[in-house]
file query_7.cif (mmCIF, C-alpha atoms)
data_coords
loop_
_atom_site.label_atom_id
_atom_site.label_comp_id
_atom_site.auth_asym_id
_atom_site.auth_seq_id
_atom_site.Cartn_x
_atom_site.Cartn_y
_atom_site.Cartn_z
CA MET N 1 101.82 48.84 116.82
CA SER N 2 103.53 52.08 117.84
CA THR N 3 102.76 53.79 121.13
CA LEU N 4 101.11 56.71 119.36
CA THR N 5 98.94 54.45 117.20
CA GLU N 6 98.01 52.32 120.20
CA HIS N 7 97.10 55.41 122.24
CA GLN N 8 94.90 56.73 119.43
CA ALA N 9 93.25 53.33 119.01
CA ILE N 10 92.36 53.30 122.71
CA LYS N 11 90.96 56.84 122.51
CA ASP N 12 88.89 55.93 119.44
CA ALA N 13 87.58 52.75 121.09
CA ALA N 14 86.66 54.65 124.28
CA ALA N 15 84.84 57.29 122.23
CA LEU N 16 82.76 54.55 120.57
CA LEU N 17 81.87 53.03 123.96
CA ARG N 18 80.93 56.38 125.52
CA ALA N 19 78.69 57.01 122.49
CA GLY N 20 76.74 53.82 123.22
CA LYS N 21 78.42 51.72 120.51
CA LEU N 22 80.04 48.31 120.79
CA CYS N 23 83.76 47.65 120.61
CA ALA N 24 85.58 44.35 121.10
CA PHE N 25 88.75 44.44 123.15
CA PRO N 26 91.42 42.01 124.38
CA THR N 27 91.75 40.62 127.87
CA GLU N 28 94.11 37.98 129.24
CA THR N 29 91.32 35.39 128.88
CA VAL N 30 89.45 35.92 125.59
CA TYR N 31 88.32 38.94 123.57
CA GLY N 32 85.30 40.70 125.06
CA LEU N 33 82.42 42.41 123.28
CA GLY N 34 82.30 45.65 125.24
CA ALA N 35 79.53 48.13 125.92
CA ASP N 36 78.94 50.84 128.50
CA ALA N 37 77.34 48.87 131.37
CA THR N 38 75.37 51.95 132.47
CA ASN N 39 73.69 52.35 129.06
CA ALA N 40 70.77 49.95 128.62
CA ASP N 41 70.55 50.44 124.86
CA ALA N 42 74.27 49.73 124.48
CA VAL N 43 73.98 46.57 126.58
CA LEU N 44 70.97 45.43 124.56
CA SER N 45 73.17 45.76 121.48
CA ILE N 46 75.43 43.09 122.99
CA TYR N 47 72.52 40.68 123.34
CA GLU N 48 71.26 41.47 119.84
CA THR N 49 74.69 41.24 118.22
CA LYS N 50 75.53 37.97 119.97
CA GLY N 51 72.01 36.51 119.83
CA ARG N 52 72.49 35.96 123.58
CA PRO N 53 69.68 34.70 125.87
CA ARG N 54 68.46 37.58 128.01
CA PHE N 55 68.51 35.51 131.20
CA ASN N 56 72.27 34.97 130.93
CA PRO N 57 73.93 37.86 132.84
CA LEU N 58 77.10 39.65 131.78
CA ILE N 59 80.43 40.15 133.54
CA ILE N 60 81.16 43.80 134.31
CA HIS N 61 84.79 44.82 133.80
CA CYS N 62 86.24 47.52 136.05
CA ALA N 63 89.34 49.71 135.81
CA ASP N 64 90.22 49.38 139.49
CA LEU N 65 88.93 48.38 142.91
CA ALA N 66 87.36 51.80 143.50
CA MET N 67 85.15 51.36 140.44
CA ALA N 68 84.20 47.85 141.55
CA GLU N 69 83.36 49.08 145.07
CA SER N 70 81.00 51.67 143.60
CA LEU N 71 78.95 48.84 142.04
CA ALA N 72 78.79 46.10 144.70
CA GLU N 73 78.92 45.35 148.41
CA PHE N 74 82.24 43.81 149.45
CA SER N 75 82.32 41.64 152.56
CA PRO N 76 85.71 40.98 154.24
CA LEU N 77 85.89 37.64 152.39
CA ALA N 78 85.10 39.35 149.09
CA ARG N 79 87.92 41.82 149.71
CA ARG N 80 90.31 38.92 150.19
CA LEU N 81 89.18 37.53 146.84
CA ALA N 82 89.60 40.95 145.24
CA ALA N 83 93.27 40.87 146.25
CA LEU N 84 93.65 38.38 143.36
CA TRP N 85 92.77 41.17 140.90
CA PRO N 86 93.72 42.07 138.26
CA GLY N 87 93.30 38.57 136.93
CA PRO N 88 90.99 35.98 135.38
CA LEU N 89 88.61 35.87 138.36
CA SER N 90 85.03 37.19 138.35
CA ILE N 91 83.32 37.66 141.71
CA VAL N 92 79.52 37.64 142.07
CA LEU N 93 78.45 40.09 144.77
CA PRO N 94 75.29 41.92 145.93
CA GLN N 95 74.69 45.05 143.91
CA LYS N 96 74.86 48.44 145.61
CA PRO N 97 71.53 50.30 145.32
CA GLY N 98 71.62 53.04 142.71
CA ASN N 99 74.92 51.86 141.23
CA GLY N 100 73.89 53.03 137.76
CA LEU N 101 74.24 49.67 136.05
CA ALA N 102 71.65 48.90 133.39
CA ASP N 103 69.31 46.21 134.69
CA VAL N 104 69.67 44.26 131.46
CA ALA N 105 73.41 43.92 132.11
CA THR N 106 72.74 41.76 135.16
CA ALA N 107 69.66 40.04 133.71
CA GLY N 108 67.56 41.55 136.49
CA LEU N 109 69.48 39.81 139.28
CA ALA N 110 70.25 41.43 142.63
CA THR N 111 73.87 40.41 142.17
CA VAL N 112 76.57 41.41 139.71
CA ALA N 113 79.68 39.61 138.43
CA LEU N 114 82.73 41.89 138.51
CA ARG N 115 86.35 41.57 137.50
CA ILE N 116 89.45 43.67 136.80
CA PRO N 117 91.18 42.24 133.71
CA ASP N 118 94.92 41.66 133.64
CA HIS N 119 95.65 43.15 130.23
CA PRO N 120 97.27 46.57 129.64
CA LEU N 121 95.02 47.53 126.71
CA ALA N 122 91.86 46.49 128.56
CA LEU N 123 92.85 48.52 131.61
CA ALA N 124 93.83 51.52 129.49
CA LEU N 125 90.50 51.31 127.66
CA LEU N 126 88.55 51.14 130.93
CA ARG N 127 90.42 54.15 132.32
CA GLU N 128 89.94 56.13 129.11
CA THR N 129 86.22 55.27 128.94
CA GLY N 130 85.72 56.07 132.62
CA ARG N 131 82.80 53.66 132.89
CA PRO N 132 82.36 49.97 133.74
CA LEU N 133 82.12 47.80 130.66
CA ALA N 134 79.80 44.86 130.18
CA ALA N 135 81.81 42.42 128.11
CA PRO N 136 80.92 38.81 127.35
CA SER N 137 83.11 36.90 124.92
CA ALA N 138 83.14 38.55 121.50
CA ASN N 139 81.47 35.75 119.53
CA PRO N 140 77.95 34.88 118.39
CA SER N 141 76.21 33.24 121.35
CA GLY N 142 77.01 29.56 121.74
CA LYS N 143 79.89 29.68 119.27
CA LEU N 144 83.60 29.43 120.01
CA SER N 145 85.13 32.21 122.08
CA PRO N 146 87.74 34.28 120.20
CA THR N 147 91.36 34.54 121.28
CA THR N 148 92.52 36.79 118.42
CA ALA N 149 91.15 39.96 116.83
CA GLU N 150 90.83 38.16 113.49
CA GLN N 151 88.50 35.56 115.02
CA VAL N 152 86.28 38.42 116.26
CA ARG N 153 86.22 39.97 112.80
CA ARG N 154 85.31 36.64 111.19
CA GLY N 155 82.65 35.84 113.78
CA PHE N 156 80.77 39.09 113.18
CA ALA N 157 81.68 39.47 109.47
CA GLY N 158 83.63 42.65 110.21
CA ALA N 159 80.60 44.43 111.70
CA VAL N 160 82.14 44.97 115.16
CA PRO N 161 85.16 47.30 115.72
CA VAL N 162 88.07 45.53 117.43
CA LEU N 163 90.89 46.90 119.56
CA ASP N 164 93.68 44.52 118.55
CA GLY N 165 95.88 43.40 121.43
CA GLY N 166 97.31 40.25 119.86
CA PRO N 167 96.58 36.68 120.99
CA CYS N 168 95.07 36.18 124.46
CA GLN N 169 97.38 34.52 126.96
CA ALA N 170 94.97 32.37 128.98
CA GLY N 171 92.67 31.22 126.18
CA VAL N 172 89.65 30.39 128.34
CA GLU N 173 87.26 32.65 130.21
CA SER N 174 87.59 33.80 133.79
CA THR N 175 86.72 31.62 136.75
CA ILE N 176 83.50 32.82 138.40
CA VAL N 177 82.92 32.56 142.13
CA ALA N 178 80.20 33.82 144.44
CA VAL N 179 80.55 34.82 148.07
CA ASP N 180 77.83 33.29 150.25
CA GLY N 181 78.44 34.35 153.84
CA ASP N 182 81.68 32.66 154.84
CA ARG N 183 81.62 30.35 151.80
CA VAL N 184 83.13 30.77 148.36
CA VAL N 185 81.24 28.88 145.64
CA GLN N 186 82.64 28.31 142.15
CA LEU N 187 79.92 28.91 139.56
CA ARG N 188 82.14 28.42 136.52
CA SER N 189 85.61 26.97 136.24
CA GLY N 190 88.04 29.04 134.26
CA ALA N 191 91.53 30.41 133.79
CA MET N 192 92.24 30.75 137.52
CA PRO N 193 92.33 27.19 138.92
CA ARG N 194 90.18 26.53 141.98
CA ALA N 195 93.23 25.18 143.81
CA ASP N 196 95.02 28.51 143.33
CA ILE N 197 92.08 30.40 144.87
CA GLU N 198 91.97 28.00 147.81
CA ALA N 199 95.71 28.39 148.37
CA ALA N 200 95.50 32.18 148.29
CA LEU N 201 92.51 32.38 150.64
CA GLY N 202 93.23 29.42 152.88
CA VAL N 203 89.59 28.33 152.55
CA LYS N 204 87.81 25.58 150.59
CA VAL N 205 86.05 26.64 147.40
CA ASP N 206 82.80 24.72 146.91
CA ILE N 207 81.37 23.86 143.48
CA ALA N 208 77.84 24.93 142.56
CA ALA N 209 75.30 22.17 141.97
CA GLU N 210 74.82 21.18 138.33
CA ASN N 211 71.15 22.20 138.45
CA ALA N 212 71.87 25.59 140.04
CA ALA N 213 69.85 28.54 138.76
CA ILE N 214 71.50 30.80 136.19
CA ALA N 215 73.46 33.23 138.40
CA ALA N 216 76.46 33.99 136.21
CA PRO N 217 77.68 33.81 132.62
CA GLY N 218 78.71 30.45 131.18
CA MET N 219 76.14 28.38 133.11
CA LEU N 220 74.03 27.41 130.11
CA LEU N 221 74.47 23.74 129.22
CA SER N 222 74.91 24.09 125.45
CA HIS N 223 77.59 26.71 125.03
CA TYR N 224 80.87 27.32 123.20
CA ALA N 225 79.65 25.11 120.32
CA PRO N 226 81.36 24.75 116.91
CA GLU N 227 79.38 23.65 113.85
CA ALA N 228 80.88 20.15 114.00
CA GLN N 229 79.62 17.56 116.46
CA ILE N 230 81.98 17.08 119.41
CA ARG N 231 82.82 13.57 120.67
CA LEU N 232 84.59 13.57 124.00
CA ASP N 233 87.23 11.12 125.28
CA ALA N 234 87.28 9.56 121.85
CA ALA N 235 89.67 8.21 119.24
CA PRO N 236 89.14 9.70 115.77
CA ARG N 237 87.17 7.88 113.11
CA PRO N 238 87.73 8.18 109.35
CA GLY N 239 86.26 11.43 108.06
CA GLU N 240 86.47 13.20 111.44
CA ALA N 241 88.85 15.81 112.77
CA PHE N 242 90.84 15.17 115.93
CA LEU N 243 91.79 17.40 118.85
CA ALA N 244 94.70 15.66 120.55
CA PHE N 245 96.34 16.12 123.95
CA GLY N 246 99.73 14.65 124.73
CA PRO N 247 101.28 12.03 122.43
CA ALA N 248 99.14 11.96 119.30
CA PRO N 249 98.14 8.82 117.39
CA ASP N 250 98.99 8.20 113.77
CA PHE N 251 96.02 9.94 112.14
CA SER N 252 95.82 11.17 108.55
CA GLY N 253 92.80 13.48 108.98
CA PRO N 254 92.69 17.10 110.19
CA MET N 255 94.36 17.22 113.60
CA ARG N 256 95.55 19.77 116.15
CA ASN N 257 97.32 19.02 119.42
CA LEU N 258 96.41 21.18 122.43
CA SER N 259 99.75 20.33 124.03
CA PRO N 260 102.05 17.54 122.84
CA SER N 261 103.80 17.67 126.23
CA GLY N 262 100.51 17.44 128.19
CA ASP N 263 100.77 21.00 129.61
CA LEU N 264 97.26 22.10 130.69
CA ARG N 265 98.11 25.81 130.58
CA GLU N 266 99.27 25.46 126.98
CA ALA N 267 96.13 23.43 126.23
CA ALA N 268 93.84 26.10 127.68
CA ARG N 269 95.57 28.78 125.63
CA HIS N 270 95.07 26.79 122.40
CA LEU N 271 91.59 25.37 123.06
CA PHE N 272 89.31 27.79 121.21
CA SER N 273 91.75 28.60 118.41
CA MET N 274 92.29 24.94 117.60
CA LEU N 275 88.57 24.20 117.71
CA HIS N 276 88.09 27.13 115.31
CA GLU N 277 90.72 25.66 112.98
CA LEU N 278 89.28 22.14 113.05
CA ASP N 279 85.74 23.44 112.58
CA ALA N 280 86.92 25.36 109.52
CA THR N 281 87.95 22.07 107.84
CA GLY N 282 84.28 21.21 107.38
CA ALA N 283 84.55 17.91 109.23
CA GLY N 284 81.19 16.70 110.49
CA ALA N 285 82.62 15.71 113.86
CA ILE N 286 85.62 16.48 116.04
CA ALA N 287 86.89 13.70 118.29
CA VAL N 288 88.60 15.00 121.42
CA ALA N 289 91.25 13.12 123.37
CA PRO N 290 90.77 12.71 127.15
CA ILE N 291 91.90 15.74 129.17
CA PRO N 292 92.88 15.37 132.86
CA ASP N 293 90.19 16.92 135.06
CA THR N 294 92.64 18.69 137.36
CA GLY N 295 93.76 22.32 137.57
CA LEU N 296 93.01 24.10 134.30
CA GLY N 297 91.76 20.79 132.93
CA GLU N 298 88.56 21.46 134.89
CA ALA N 299 87.88 24.58 132.79
CA ILE N 300 88.88 22.89 129.53
CA ASN N 301 86.55 19.94 130.18
CA ASP N 302 83.75 22.31 131.19
CA ARG N 303 83.99 24.10 127.82
CA LEU N 304 84.22 20.84 125.90
CA THR N 305 81.22 19.33 127.71
CA ARG N 306 79.14 22.41 126.87
CA ALA N 307 80.35 22.32 123.26
CA ALA N 308 79.27 18.68 123.03
CA ALA N 309 75.84 19.21 124.63
CA PRO N 310 72.75 18.50 122.48
CA ARG N 311 71.43 21.60 120.74
CA GLY N 312 67.78 22.27 120.78
#

call {"tool": "encode", "arguments": {"input": "query_7.cif", "output": "structure tokens"}}
result
Amino acid sequence: MSTLTEHQAIKDAAALLRAGKLCAFPTETVYGLGADATNADAVLSIYETKGRPRFNPLIIHCADLAMAESLAEFSPLARRLAALWPGPLSIVLPQKPGNGLADVATAGLATVALRIPDHPLALALLRETGRPLAAPSANPSGKLSPTTAEQVRRGFAGAVPVLDGGPCQAGVESTIVAVDGDRVVQLRSGAMPRADIEAALGVKVDIAAENAAIAAPGMLLSHYAPEAQIRLDAAPRPGEAFLAFGPAPDFSGPMRNLSPSGDLREAARHLFSMLHELDATGAGAIAVAPIPDTGLGEAINDRLTRAAAPRG
């Protein structure tokens, strides 16, 4: 993509967003389904297009810290967290009164989840649009998150415009934390490992209780689900597909390996794409090899557990 073509694509995408339309765009985590977060009708289009539950709030993407500060109250601890931006970290903070955000974007909560994405096209789009963008993953609700523009097009049958920025680097969504006084609480594991946040801040990051109220995206139990049944920590059976990690067994069925070398960062980057590929084989079930529950493995296992949850 030439510089001129890329610049025009950004201008066209920003014009759509300012007009209250949807446009998917790349971030370092996954592709987001963007809408002007100050336009209630535009935000409702996200829910309608995704089939997303209305009580599940959206992450608001900002161009810079000044935009974020216009939307939420930043305590000294929150400012220390914000020093990790741009990056795959969303911070839940008290909303500033009269910040202009559509109430439906935050599901009526008094808090808002903010982040500054670490992707040049996303940042250019935010600057060109001049408004905060509500942007959940660009997939039908509960389905696999997209890491390429083509996956977005397939997921919505070409009905959603996409700003193509190539494959996403992280491959899983942002980590979400909330600031509660002098505590930092992780609400959702993600592409920024909890240990990295603790090392940067010099404070312990607590984990939210499993039965915590919905306070941020990604907290629904059944989420990120392919059509096939998911079996965790399992060896493949005849007729199933297999998602391997590390040395793979001798298996003749459909198989993808998240990382033959056991690299969790590589596994996170491949997770959704490989689940998409295995789901497309039509197998009734996908067996998934055990994944270490450390570092980025925490986020990978979180997504897999939600994908395997009973659907009702």

call {"tool": "atom_distance", "arguments": {"input": "query_7.cif", "atom1": "CA of Leu163 in chain N", "atom2": "CA of Glu150 in chain N"}}
result
10.6 Å

call {"tool": "closest_residue", "arguments": {"input": "query_7.cif", "among": "N:Ala209, N:Val162, N:Ala68, N:Ala241", "to": "Val112 in chain N", "atoms": "all atoms listed in the file"}}
result
N:Ala68

call {"tool": "resolve_selection", "arguments": {"input": "query_7.cif", "expression": "the PyMOL selection byres ((chain N and resi 86) around 6)", "output": "compact mmCIF listing (two decimals) with C-alpha atoms, in the coordinates of the input"}}
result
# COMPACT_ATOMS: atom_id res chain seq x y z
CA TRP N 85 92.77 41.17 140.90
CA GLY N 87 93.30 38.57 136.93
CA ILE N 116 89.45 43.67 136.80
CA PRO N 117 91.18 42.24 133.71
CA ASP N 118 94.92 41.66 133.64

call {"tool": "residues_near_point", "arguments": {"input": "query_7.cif", "point": "(87.2, 55.3, 135.7)", "cutoff": "10 Å", "atoms": "all atoms listed in the file", "output": "ChimeraX atom specification"}}
result
/N:62-64,66-68,123-132

call {"tool": "closest_residue", "arguments": {"input": "query_7.cif", "among": "N:Gly20, N:Pro76, N:Pro161, N:Pro136", "to": "Leu58 in chain N", "atoms": "only C-alpha atoms"}}
result
N:Pro136

call {"tool": "build_atoms", "arguments": {"input": "query_7.cif", "residues": "range 136-171 of chain N", "atoms": "N, CA and C atoms", "output": "compact mmCIF listing (two decimals), in the frame of the given file"}}
result
# COMPACT_ATOMS: atom_id res chain seq x y z
N PRO N 136 80.83 40.26 127.55
CA PRO N 136 80.92 38.81 127.35
C PRO N 136 81.93 38.51 126.25
N SER N 137 82.19 37.25 125.99
CA SER N 137 83.11 36.90 124.92
C SER N 137 82.59 37.42 123.59
N ALA N 138 83.51 37.86 122.74
CA ALA N 138 83.14 38.55 121.50
C ALA N 138 82.90 37.55 120.37
N ASN N 139 81.84 36.76 120.52
CA ASN N 139 81.47 35.75 119.53
C ASN N 139 79.96 35.63 119.49
N PRO N 140 79.37 35.18 118.38
CA PRO N 140 77.95 34.88 118.39
C PRO N 140 77.64 33.87 119.49
N SER N 141 76.52 34.06 120.18
CA SER N 141 76.21 33.24 121.35
C SER N 141 76.23 31.75 121.02
N GLY N 142 76.91 30.99 121.90
CA GLY N 142 77.01 29.56 121.74
C GLY N 142 78.15 29.10 120.85
N LYS N 143 78.78 30.04 120.14
CA LYS N 143 79.89 29.68 119.27
C LYS N 143 81.20 29.80 120.04
N LEU N 144 82.30 29.45 119.35
CA LEU N 144 83.60 29.43 120.01
C LEU N 144 84.06 30.83 120.42
N SER N 145 84.62 30.93 121.60
CA SER N 145 85.13 32.21 122.08
C SER N 145 86.41 32.58 121.34
N PRO N 146 86.59 33.87 121.01
CA PRO N 146 87.74 34.28 120.20
C PRO N 146 88.95 34.63 121.06
N THR N 147 90.12 34.21 120.59
CA THR N 147 91.36 34.54 121.28
C THR N 147 92.27 35.43 120.43
N THR N 148 91.79 35.83 119.25
CA THR N 148 92.52 36.79 118.42
C THR N 148 91.51 37.78 117.84
N ALA N 149 92.02 38.95 117.43
CA ALA N 149 91.15 39.96 116.83
C ALA N 149 90.55 39.45 115.51
N GLU N 150 91.32 38.67 114.76
CA GLU N 150 90.83 38.16 113.49
C GLU N 150 89.63 37.23 113.68
N GLN N 151 89.64 36.44 114.74
CA GLN N 151 88.50 35.56 115.02
C GLN N 151 87.25 36.38 115.34
N VAL N 152 87.42 37.52 116.00
CA VAL N 152 86.28 38.42 116.26
C VAL N 152 85.75 38.94 114.93
N ARG N 153 86.65 39.41 114.09
CA ARG N 153 86.22 39.97 112.80
C ARG N 153 85.46 38.93 111.99
N ARG N 154 85.98 37.71 111.94
CA ARG N 154 85.31 36.64 111.19
C ARG N 154 83.95 36.31 111.79
N GLY N 155 83.89 36.23 113.12
CA GLY N 155 82.65 35.84 113.78
C GLY N 155 81.51 36.79 113.51
N PHE N 156 81.82 38.08 113.40
CA PHE N 156 80.77 39.09 113.18
C PHE N 156 80.87 39.70 111.78
N ALA N 157 81.57 39.03 110.87
CA ALA N 157 81.68 39.47 109.47
C ALA N 157 82.15 40.92 109.37
N GLY N 158 83.06 41.31 110.27
CA GLY N 158 83.63 42.65 110.21
C GLY N 158 82.73 43.76 110.72
N ALA N 159 81.57 43.42 111.30
CA ALA N 159 80.60 44.43 111.70
C ALA N 159 80.91 45.06 113.06
N VAL N 160 81.84 44.47 113.82
CA VAL N 160 82.14 44.97 115.16
C VAL N 160 83.58 45.51 115.19
N PRO N 161 83.79 46.77 115.59
CA PRO N 161 85.16 47.30 115.72
C PRO N 161 85.93 46.50 116.77
N VAL N 162 87.23 46.33 116.53
CA VAL N 162 88.07 45.53 117.43
C VAL N 162 89.33 46.31 117.79
N LEU N 163 89.61 46.40 119.08
CA LEU N 163 90.89 46.90 119.56
C LEU N 163 91.84 45.71 119.60
N ASP N 164 92.82 45.69 118.73
CA ASP N 164 93.68 44.52 118.55
C ASP N 164 94.82 44.53 119.56
N GLY N 165 94.83 43.53 120.43
CA GLY N 165 95.88 43.40 121.43
C GLY N 165 96.67 42.13 121.27
N GLY N 166 96.59 41.49 120.08
CA GLY N 166 97.31 40.25 119.86
C GLY N 166 96.59 39.06 120.48
N PRO N 167 97.21 37.88 120.44
CA PRO N 167 96.58 36.68 120.99
C PRO N 167 96.41 36.77 122.51
N CYS N 168 95.30 36.22 123.01
CA CYS N 168 95.07 36.18 124.46
C CYS N 168 95.99 35.14 125.09
N GLN N 169 96.42 35.39 126.30
CA GLN N 169 97.38 34.52 126.96
C GLN N 169 96.74 33.30 127.61
N ALA N 170 95.58 33.49 128.25
CA ALA N 170 94.97 32.37 128.98
C ALA N 170 94.20 31.45 128.05
N GLY N 171 93.37 32.02 127.17
CA GLY N 171 92.67 31.22 126.18
C GLY N 171 91.34 30.66 126.60
